[in-house]
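Okay, work-v8.txt is below, compact mmCIF, C-alpha atoms and all ligand atoms:
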```txt
# COMPACT_ATOMS: atom_id res chain seq x y z
CA MET A 27 94.86 81.18 141.32
CA LYS A 28 97.09 83.62 143.09
CA ASN A 29 100.76 83.82 142.08
CA MET A 30 100.21 81.50 139.12
CA HIS A 31 101.28 82.60 135.66
CA PHE A 32 99.46 80.67 132.99
CA SER A 33 99.60 83.23 130.15
CA PRO A 34 102.68 82.93 127.87
CA SER A 35 102.83 86.71 127.67
CA GLU A 36 103.63 86.95 131.37
CA CYS A 37 106.84 85.02 130.90
CA HIS A 38 107.76 86.92 127.73
CA THR A 39 107.06 90.30 129.31
CA ALA A 40 109.30 89.39 132.24
CA LEU A 41 112.04 88.33 129.81
CA ILE A 42 111.79 91.60 127.87
CA SER A 43 112.22 93.65 131.05
CA LYS A 44 115.39 91.71 131.89
CA THR A 45 116.90 91.67 128.40
CA VAL A 46 120.05 93.69 127.85
CA GLN A 47 120.12 94.35 124.12
CA THR A 48 123.52 93.54 122.73
CA LEU A 49 123.40 96.04 119.85
CA ALA A 50 121.45 98.89 121.43
CA TYR A 51 122.75 102.34 120.43
CA PRO A 52 125.92 102.80 122.50
CA GLY A 53 126.30 106.59 122.23
CA LYS A 54 128.20 108.92 119.93
CA ALA A 55 131.67 107.51 120.57
CA GLY A 56 130.74 104.07 119.23
CA ILE A 57 128.32 105.08 116.50
CA GLU A 58 130.27 103.99 113.40
CA LYS A 59 131.13 100.53 114.72
CA TRP A 60 127.57 100.07 116.01
CA ARG A 61 126.10 101.02 112.63
CA VAL A 62 128.13 98.38 110.82
CA GLU A 63 127.47 95.67 113.39
CA LEU A 64 123.73 96.22 113.79
CA ARG A 65 123.13 96.43 110.05
CA ALA A 66 125.00 93.17 109.46
CA LYS A 67 123.09 91.50 112.31
CA LEU A 68 119.79 92.77 110.97
CA LYS A 69 120.55 91.32 107.54
CA ASP A 70 121.30 87.96 109.17
CA LEU A 71 118.25 87.92 111.45
CA THR A 72 115.80 88.95 108.71
CA GLY A 73 117.38 86.49 106.30
CA LEU A 74 118.21 89.25 103.83
CA SER A 75 121.81 88.04 103.87
CA ILE A 76 120.79 84.66 102.45
CA MET A 77 118.53 86.01 99.72
CA PRO A 78 120.03 85.40 96.23
CA SER A 79 123.17 87.48 95.87
CA LYS A 80 123.20 86.80 92.13
CA LYS A 81 120.28 88.90 91.01
CA ALA A 82 117.82 87.41 88.54
CA PRO A 83 117.16 89.37 85.32
CA LEU A 84 114.25 91.76 86.02
CA ASN A 85 112.54 90.74 82.78
CA THR A 86 110.18 93.71 83.13
CA ARG A 87 106.87 93.18 81.36
CA SER A 88 104.34 95.95 80.65
CA ILE A 89 100.74 94.92 81.38
CA TRP A 90 98.96 98.18 80.54
CA LYS A 91 99.58 101.90 80.46
CA ARG A 92 97.08 104.73 80.65
CA SER A 93 96.84 108.45 81.19
CA THR A 94 94.90 109.49 84.30
CA GLU A 95 93.90 112.78 85.93
CA HIS A 96 97.21 113.19 87.79
CA GLY A 97 99.65 111.38 85.54
CA THR A 98 100.51 108.32 83.50
CA ILE A 99 100.19 104.97 85.22
CA GLU A 100 101.76 101.80 83.85
CA LYS A 101 101.28 98.38 85.37
CA ILE A 102 104.36 96.23 85.11
CA VAL A 103 105.57 92.89 86.40
CA PHE A 104 109.23 92.30 87.21
CA THR A 105 111.09 89.27 88.53
CA SER A 106 112.48 89.57 92.05
CA GLU A 107 113.97 86.10 92.36
CA PRO A 108 113.16 82.83 90.61
CA PHE A 109 109.46 82.01 91.09
CA ALA A 110 108.73 85.40 92.66
CA GLU A 111 107.19 87.91 90.26
CA VAL A 112 106.26 91.38 91.47
CA PRO A 113 103.33 93.38 90.04
CA ALA A 114 103.87 97.12 90.37
CA TYR A 115 102.41 100.44 89.24
CA VAL A 116 104.77 103.00 87.73
CA CYS A 117 103.23 106.44 88.23
CA VAL A 118 104.63 109.52 86.49
CA PRO A 119 102.93 112.87 87.14
CA HIS A 120 101.93 115.10 84.22
CA GLU A 121 103.89 117.96 85.82
CA VAL A 122 107.08 116.73 87.48
CA ALA A 123 107.93 119.00 90.44
CA LYS A 124 111.10 117.26 91.56
CA LYS A 125 113.03 115.80 88.66
CA GLY A 126 114.52 112.40 89.35
CA LEU A 127 112.72 111.95 92.69
CA TRP A 128 110.72 108.74 93.15
CA MET A 129 108.81 107.37 96.11
CA ILE A 130 108.35 103.64 96.58
CA CYS A 131 104.82 103.18 97.99
CA LEU A 132 103.86 100.16 100.07
CA GLN A 133 100.44 99.14 101.32
CA GLY A 134 100.00 97.29 104.60
CA HIS A 135 97.44 94.58 105.41
CA SER A 136 94.75 95.37 102.89
CA THR A 137 93.47 94.17 99.56
CA GLY A 138 96.70 95.32 97.98
CA MET A 139 98.50 97.92 95.91
CA HIS A 140 95.38 98.94 93.97
CA ASN A 141 94.71 101.19 97.00
CA SER A 142 97.81 103.24 96.15
CA ILE A 143 96.32 104.36 92.81
CA ALA A 144 92.72 104.54 94.11
CA VAL A 145 91.10 101.96 91.84
CA SER A 146 88.79 99.04 92.50
CA ARG A 147 90.34 95.75 93.58
CA ASN A 148 88.48 93.79 90.91
CA ASP A 149 88.69 96.25 88.03
CA ASP A 150 91.59 98.67 87.91
CA THR A 151 89.82 100.89 85.37
CA VAL A 152 87.19 101.77 88.00
CA PRO A 153 88.07 104.59 90.44
CA ALA A 154 87.56 103.86 94.14
CA GLU A 155 87.37 105.93 97.31
CA ILE A 156 90.30 104.98 99.54
CA GLU A 157 90.12 105.52 103.29
CA GLY A 158 92.82 106.95 105.51
CA ASP A 159 94.82 108.70 102.74
CA ARG A 160 96.20 105.30 101.64
CA ASP A 161 96.11 106.36 97.98
CA PHE A 162 99.83 107.07 98.30
CA ALA A 163 100.70 107.28 94.60
CA ILE A 164 97.86 109.73 93.98
CA GLY A 165 99.26 111.81 96.86
CA CYS A 166 102.68 111.69 95.22
CA MET A 167 101.48 112.59 91.72
CA LYS A 168 99.33 115.47 93.02
CA ARG A 169 102.58 116.92 94.37
CA GLY A 170 104.50 116.30 91.14
CA ILE A 171 106.38 113.28 92.51
CA ALA A 172 106.75 109.98 90.66
CA ALA A 173 105.89 106.74 92.45
CA LEU A 174 106.56 103.02 92.20
CA CYS A 175 103.86 100.98 93.97
CA ILE A 176 105.03 97.47 94.78
CA GLU A 177 102.66 94.59 95.59
CA GLN A 178 104.20 93.11 98.73
CA ARG A 179 104.53 89.36 99.18
CA ALA A 180 101.38 87.76 100.61
CA PHE A 181 99.27 90.87 100.01
CA GLY A 182 96.77 91.56 97.21
CA GLU A 183 97.68 89.85 93.94
CA ARG A 184 100.53 88.08 95.74
CA SER A 185 98.27 86.33 98.24
CA GLU A 186 98.68 82.54 98.30
CA GLN A 187 96.81 80.88 95.43
CA LYS A 188 98.52 77.53 94.90
CA GLN A 189 98.39 75.71 98.24
CA LYS A 190 95.60 73.21 98.80
CA GLU A 191 94.88 74.56 102.26
CA ILE A 192 95.56 78.12 103.30
CA CYS A 193 95.09 80.15 106.45
CA SER A 194 91.60 81.53 105.92
CA HIS A 195 91.84 84.70 108.02
CA ASN A 196 95.38 85.93 107.36
CA THR A 197 97.11 86.07 103.97
CA CYS A 198 100.57 86.37 105.58
CA HIS A 199 100.46 83.38 107.92
CA ASP A 200 101.58 80.59 105.58
CA ALA A 201 104.29 82.64 103.88
CA ALA A 202 105.62 83.99 107.19
CA MET A 203 105.89 80.54 108.77
CA HIS A 204 107.36 78.89 105.67
CA ALA A 205 109.96 81.64 105.35
CA ILE A 206 111.11 81.00 108.92
CA MET A 207 111.65 77.32 108.17
CA LEU A 208 114.00 78.38 105.37
CA GLY A 209 115.99 80.76 107.58
CA ARG A 210 114.24 83.69 105.96
CA THR A 211 111.53 86.08 107.19
CA LEU A 212 108.72 87.71 105.27
CA ILE A 213 110.28 91.04 106.26
CA GLY A 214 113.58 90.02 104.62
CA GLU A 215 111.78 88.81 101.49
CA ARG A 216 109.74 92.00 101.22
CA VAL A 217 112.86 94.14 101.65
CA TYR A 218 114.53 92.12 98.89
CA ASP A 219 111.59 92.92 96.60
CA VAL A 220 112.07 96.62 97.39
CA ASP A 221 115.75 96.27 96.51
CA ARG A 222 114.74 94.76 93.16
CA GLY A 223 112.24 97.61 92.70
CA ILE A 224 115.19 99.98 93.07
CA ASP A 225 117.03 97.97 90.41
CA TYR A 226 114.03 98.55 88.15
CA LEU A 227 113.97 102.29 88.94
CA LEU A 228 117.67 102.63 88.20
CA SER A 229 117.11 101.02 84.80
CA ARG A 230 115.07 104.12 83.91
CA LYS A 231 116.48 107.38 82.62
CA ASP A 232 114.20 109.59 84.75
CA VAL A 233 115.44 108.43 88.16
CA SER A 234 118.28 110.04 90.15
CA PRO A 235 120.16 107.41 92.19
CA ARG A 236 120.24 109.56 95.35
CA CYS A 237 116.58 110.59 95.11
CA ILE A 238 114.69 107.39 95.92
CA GLY A 239 112.38 107.55 98.94
CA ILE A 240 110.01 105.06 100.54
CA MET A 241 106.67 105.38 102.31
CA GLY A 242 103.83 103.23 103.55
CA ASN A 243 101.31 102.77 106.30
CA SER A 244 101.18 99.96 108.87
CA GLY A 245 102.73 96.88 107.18
CA GLY A 246 103.93 99.33 104.54
CA GLY A 247 105.57 101.36 107.30
CA THR A 248 107.22 98.20 108.60
CA ILE A 249 108.95 97.48 105.31
CA SER A 250 109.77 101.16 104.74
CA LEU A 251 111.60 101.09 108.08
CA PHE A 252 113.47 97.81 107.57
CA ALA A 253 114.31 98.59 103.93
CA GLY A 254 115.65 102.02 104.90
CA ALA A 255 117.70 100.48 107.71
CA MET A 256 119.33 97.88 105.44
CA LEU A 257 119.42 99.31 101.90
CA ASP A 258 121.85 102.15 101.19
CA ARG A 259 120.03 103.17 98.01
CA ILE A 260 117.04 104.60 99.90
CA SER A 261 117.55 108.30 100.61
CA PHE A 262 114.26 109.46 102.22
CA MET A 263 111.69 107.75 104.38
CA MET A 264 108.12 108.40 105.56
CA PRO A 265 106.88 105.38 107.55
CA SER A 266 103.37 105.74 108.97
CA CYS A 267 101.69 104.01 111.91
CA TYR A 268 104.42 101.48 112.61
CA PHE A 269 107.28 103.20 114.45
CA CYS A 270 106.90 102.55 118.19
CA THR A 271 108.77 100.15 120.48
CA PHE A 272 108.67 96.42 119.77
CA LYS A 273 107.92 95.97 123.47
CA ASP A 274 104.76 98.10 123.42
CA SER A 275 103.45 97.12 119.99
CA ILE A 276 104.19 93.75 118.41
CA MET A 277 105.15 92.19 121.78
CA SER A 278 102.11 93.47 123.69
CA ILE A 279 99.20 93.43 121.28
CA TYR A 280 98.11 90.90 118.64
CA HIS A 281 99.96 91.57 115.39
CA CYS A 282 100.30 89.55 112.21
CA GLY A 283 103.09 86.97 112.06
CA CYS A 284 104.79 88.93 109.26
CA ASN A 285 106.05 91.43 111.88
CA TYR A 286 108.43 89.11 113.69
CA VAL A 287 112.19 88.69 113.31
CA PRO A 288 113.70 85.81 115.32
CA GLY A 289 116.03 87.07 118.04
CA LEU A 290 115.80 90.74 117.15
CA LEU A 291 114.66 91.93 120.56
CA ASN A 292 117.78 90.41 122.12
CA CYS A 293 119.83 92.79 119.97
CA ALA A 294 117.93 96.02 119.45
CA GLU A 295 114.75 98.03 119.88
CA MET A 296 112.94 99.69 117.00
CA SER A 297 114.60 103.08 117.60
CA ASP A 298 117.98 101.38 117.11
CA VAL A 299 116.83 99.78 113.84
CA LEU A 300 115.50 103.06 112.47
CA GLY A 301 118.57 104.86 113.83
CA LEU A 302 120.52 103.09 111.07
CA PHE A 303 118.82 105.48 108.64
CA ALA A 304 120.45 108.54 110.25
CA PRO A 305 121.39 111.12 109.03
CA LYS A 306 119.05 110.80 106.02
CA PRO A 307 115.74 112.74 105.94
CA LEU A 308 113.01 110.93 107.86
CA LEU A 309 109.44 111.79 108.78
CA VAL A 310 107.78 109.39 111.21
CA VAL A 311 103.98 109.57 111.02
CA ALA A 312 101.79 108.32 113.87
CA GLY A 313 98.16 108.49 114.99
CA SER A 314 97.28 109.86 118.43
CA GLU A 315 94.59 107.20 118.81
CA ASP A 316 96.32 104.29 117.05
CA PRO A 317 95.34 101.32 119.25
CA ILE A 318 98.09 98.97 118.03
CA PHE A 319 101.07 101.34 118.05
CA PRO A 320 100.42 103.26 121.30
CA ILE A 321 101.34 106.93 121.08
CA GLU A 322 103.12 107.27 124.41
CA ALA A 323 105.52 104.52 123.39
CA VAL A 324 105.90 106.18 119.95
CA LYS A 325 107.02 109.40 121.66
CA LYS A 326 109.40 107.58 123.99
CA SER A 327 110.95 105.67 121.09
CA PHE A 328 111.17 108.82 118.96
CA ALA A 329 113.16 110.58 121.70
CA ARG A 330 115.73 107.76 121.52
CA LEU A 331 115.78 107.96 117.73
CA LYS A 332 116.24 111.73 117.84
CA LYS A 333 119.36 111.25 119.99
CA ILE A 334 120.91 109.04 117.29
CA TYR A 335 120.12 111.71 114.68
CA LYS A 336 121.54 114.44 116.93
CA ASP A 337 124.73 112.44 117.44
CA SER A 338 124.90 111.98 113.65
CA GLY A 339 124.83 115.77 113.27
CA ALA A 340 121.37 115.82 111.69
CA ALA A 341 118.76 116.36 114.43
CA GLU A 342 116.72 118.54 112.07
CA ASN A 343 116.44 115.68 109.53
CA CYS A 344 114.30 113.60 111.89
CA ARG A 345 110.69 114.69 112.49
CA LEU A 346 107.56 113.23 114.01
CA HIS A 347 104.04 114.09 112.82
CA ILE A 348 101.18 112.93 115.01
CA GLY A 349 97.82 112.89 113.25
CA ASP A 350 94.67 113.40 115.24
CA GLY A 351 93.15 109.94 114.84
CA GLY A 352 93.75 106.23 114.49
CA HIS A 353 95.74 103.73 112.43
CA ARG A 354 96.03 105.48 109.07
CA PHE A 355 98.15 107.91 107.03
CA TYR A 356 97.80 111.68 107.47
CA ALA A 357 98.58 113.20 104.07
CA ASP A 358 97.67 116.84 104.76
CA GLY A 359 99.82 117.04 107.88
CA ALA A 360 102.68 114.83 106.74
CA TRP A 361 103.46 115.92 103.17
CA PRO A 362 104.39 119.58 103.87
CA ILE A 363 106.86 118.47 106.55
CA PHE A 364 108.29 115.72 104.37
CA LEU A 365 108.71 118.07 101.40
CA SER A 366 110.50 120.62 103.60
CA LEU A 367 112.90 117.84 104.71
CA ILE A 368 113.87 116.82 101.17
CA GLU A 369 114.20 120.29 99.65
ZN ZN B 1 101.05 90.20 107.82
```

Could you express the structure from this file as structure tokens?
Amino acid sequence: MKNMHFSPSECHTALISKTVQTLAYPGKAGIEKWRVELRAKLKDLTGLSIMPSKKAPLNTRSIWKRSTEHGTIEKIVFTSEPFAEVPAYVCVPHEVAKKGLWMICLQGHSTGMHNSIAVSRNDDTVPAEIEGDRDFAIGCMKRGIAALCIEQRAFGERSEQKQKEICSHNTCHDAAMHAIMLGRTLIGERVYDVDRGIDYLLSRKDVSPRCIGIMGNSGGGTISLFAGAMLDRISFMMPSCYFCTFKDSIMSIYHCGCNYVPGLLNCAEMSDVLGLFAPKPLLVVAGSEDPIFPIEAVKKSFARLKKIYKDSGAAENCRLHIGDGGHRFYADGAWPIFLSLIE
């Protein structure tokens, strides 16, 4: 029927085009005030500000430790908050190239963190071929960099196992919705786990406090971006196949419920959120044919981000690598640029 709008997206798209974002980057003159205000707002909207301020003891437990081709890998479990334990792999290369430097590695929607160390989901003594360069910790160790792989909430070993009924096609759905009812978001909870991972790293003698980076693809890129925007203790970032505009990605194309932050689009676009990381070294990785984070919008958003870096006096610290393909990581293209940024 002509002139009838029955699809919810029509109304939402019209709203987006009219929205004046209250905490969009205001330009160089207002940068310091904006930084403080947007970061505080982001912590409120994601629920990070209501996560436990009194940190639970990490109570780190070692599950196993073994020597592999590229380094020593230890599986640990630490406590993030009461009733939230985090499995993680601690990966130390045989030959450390950059002393004290650690990368936190995050998988996106997948079978979990076992991908980061390239082992089978069901038996972590069995090597596995990992597609799309998602064996992040292997990539780190090959380059002499240590890595902490965190199992994100609702992924892999942290998928829901206790509820009587669960969403059968999406491991995030129940956790994302329940978090919202508690004033939290899954993004805020996952960032909190990263913060606790940093607490673990800083309990070690081989970690330099200003040398902790973060990387991940897709849902791992999401949390890299939000963690870097809100946590001061992250010094480098390499998010892959997530950075775009909210308008052209999670507001235009089906995405998992774990991507959404109530009210965020009324305040800021993604370039503003990532702009909070300026002037620290940042490599944004994208795929030219990524169907869910469209490349033209990535470029448009990156231009806005670059302006924030330029105004912060660090234009050269912000780079974009576009891989020739789809929704995946591009190790061969990305790593040399990233390493040149953190030298
Ligand atoms: Zn999800």

Go ahead and compute the interatomic distance for CA of Met263 (chain A) and CA of Val310 (chain A), in Å to one decimal.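 One can read the CA of Met263 (chain A) to CA of Val310 (chain A) distance as 8.0 Å.
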
Residues at most 10 Å from ligand ZN 1 (chain B), using all atoms listed in the file? Could they come as a compact mmCIF listing (two decimals) with C-alpha atoms, in the coordinates of the input?
```
# COMPACT_ATOMS: atom_id res chain seq x y z
CA GLY A 134 100.00 97.29 104.60
CA HIS A 135 97.44 94.58 105.41
CA SER A 136 94.75 95.37 102.89
CA ARG A 179 104.53 89.36 99.18
CA ALA A 180 101.38 87.76 100.61
CA PHE A 181 99.27 90.87 100.01
CA ASN A 196 95.38 85.93 107.36
CA THR A 197 97.11 86.07 103.97
CA CYS A 198 100.57 86.37 105.58
CA HIS A 199 100.46 83.38 107.92
CA ASP A 200 101.58 80.59 105.58
CA ALA A 201 104.29 82.64 103.88
CA ALA A 202 105.62 83.99 107.19
CA LEU A 212 108.72 87.71 105.27
CA ILE A 213 110.28 91.04 106.26
CA SER A 244 101.18 99.96 108.87
CA GLY A 245 102.73 96.88 107.18
CA HIS A 281 99.96 91.57 115.39
CA CYS A 282 100.30 89.55 112.21
CA GLY A 283 103.09 86.97 112.06
CA CYS A 284 104.79 88.93 109.26
CA ASN A 285 106.05 91.43 111.88
CA TYR A 286 108.43 89.11 113.69
```

Within 7 Å of Cys175 (chain A), counting all atoms listed in the file, which residues qualify if same-chain residues fewer than 2 places away don't, as an NGL selection string? :A and (114-116 or 130-132 or 139 or 142 or 173 or 177)

Give me the residues of region 321-340 of chain A that have any atom at most 9 Å from an atom of region 344-368 of chain A; for each, the nearest atom pair and the distance in Å, rounded to one decimal. Use all atoms listed in the file, sort by chain and number, and format it as a tab-separated table.
```
residue	atom	partner	partner_atom	distance
A:Ile321	CA	A:Ile348	CA	8.5
A:Lys325	CA	A:Leu346	CA	8.6
A:Phe328	CA	A:Leu346	CA	7.5
A:Leu331	CA	A:Cys344	CA	8.3
A:Lys332	CA	A:Cys344	CA	6.5
A:Tyr335	CA	A:Cys344	CA	6.7
A:Lys336	CA	A:Cys344	CA	8.9
A:Ala340	CA	A:Cys344	CA	7.4
```

Quote the spacing between CA of Ile276 (chain A) and CA of Phe319 (chain A) in Å to one decimal place. 8.2 Å
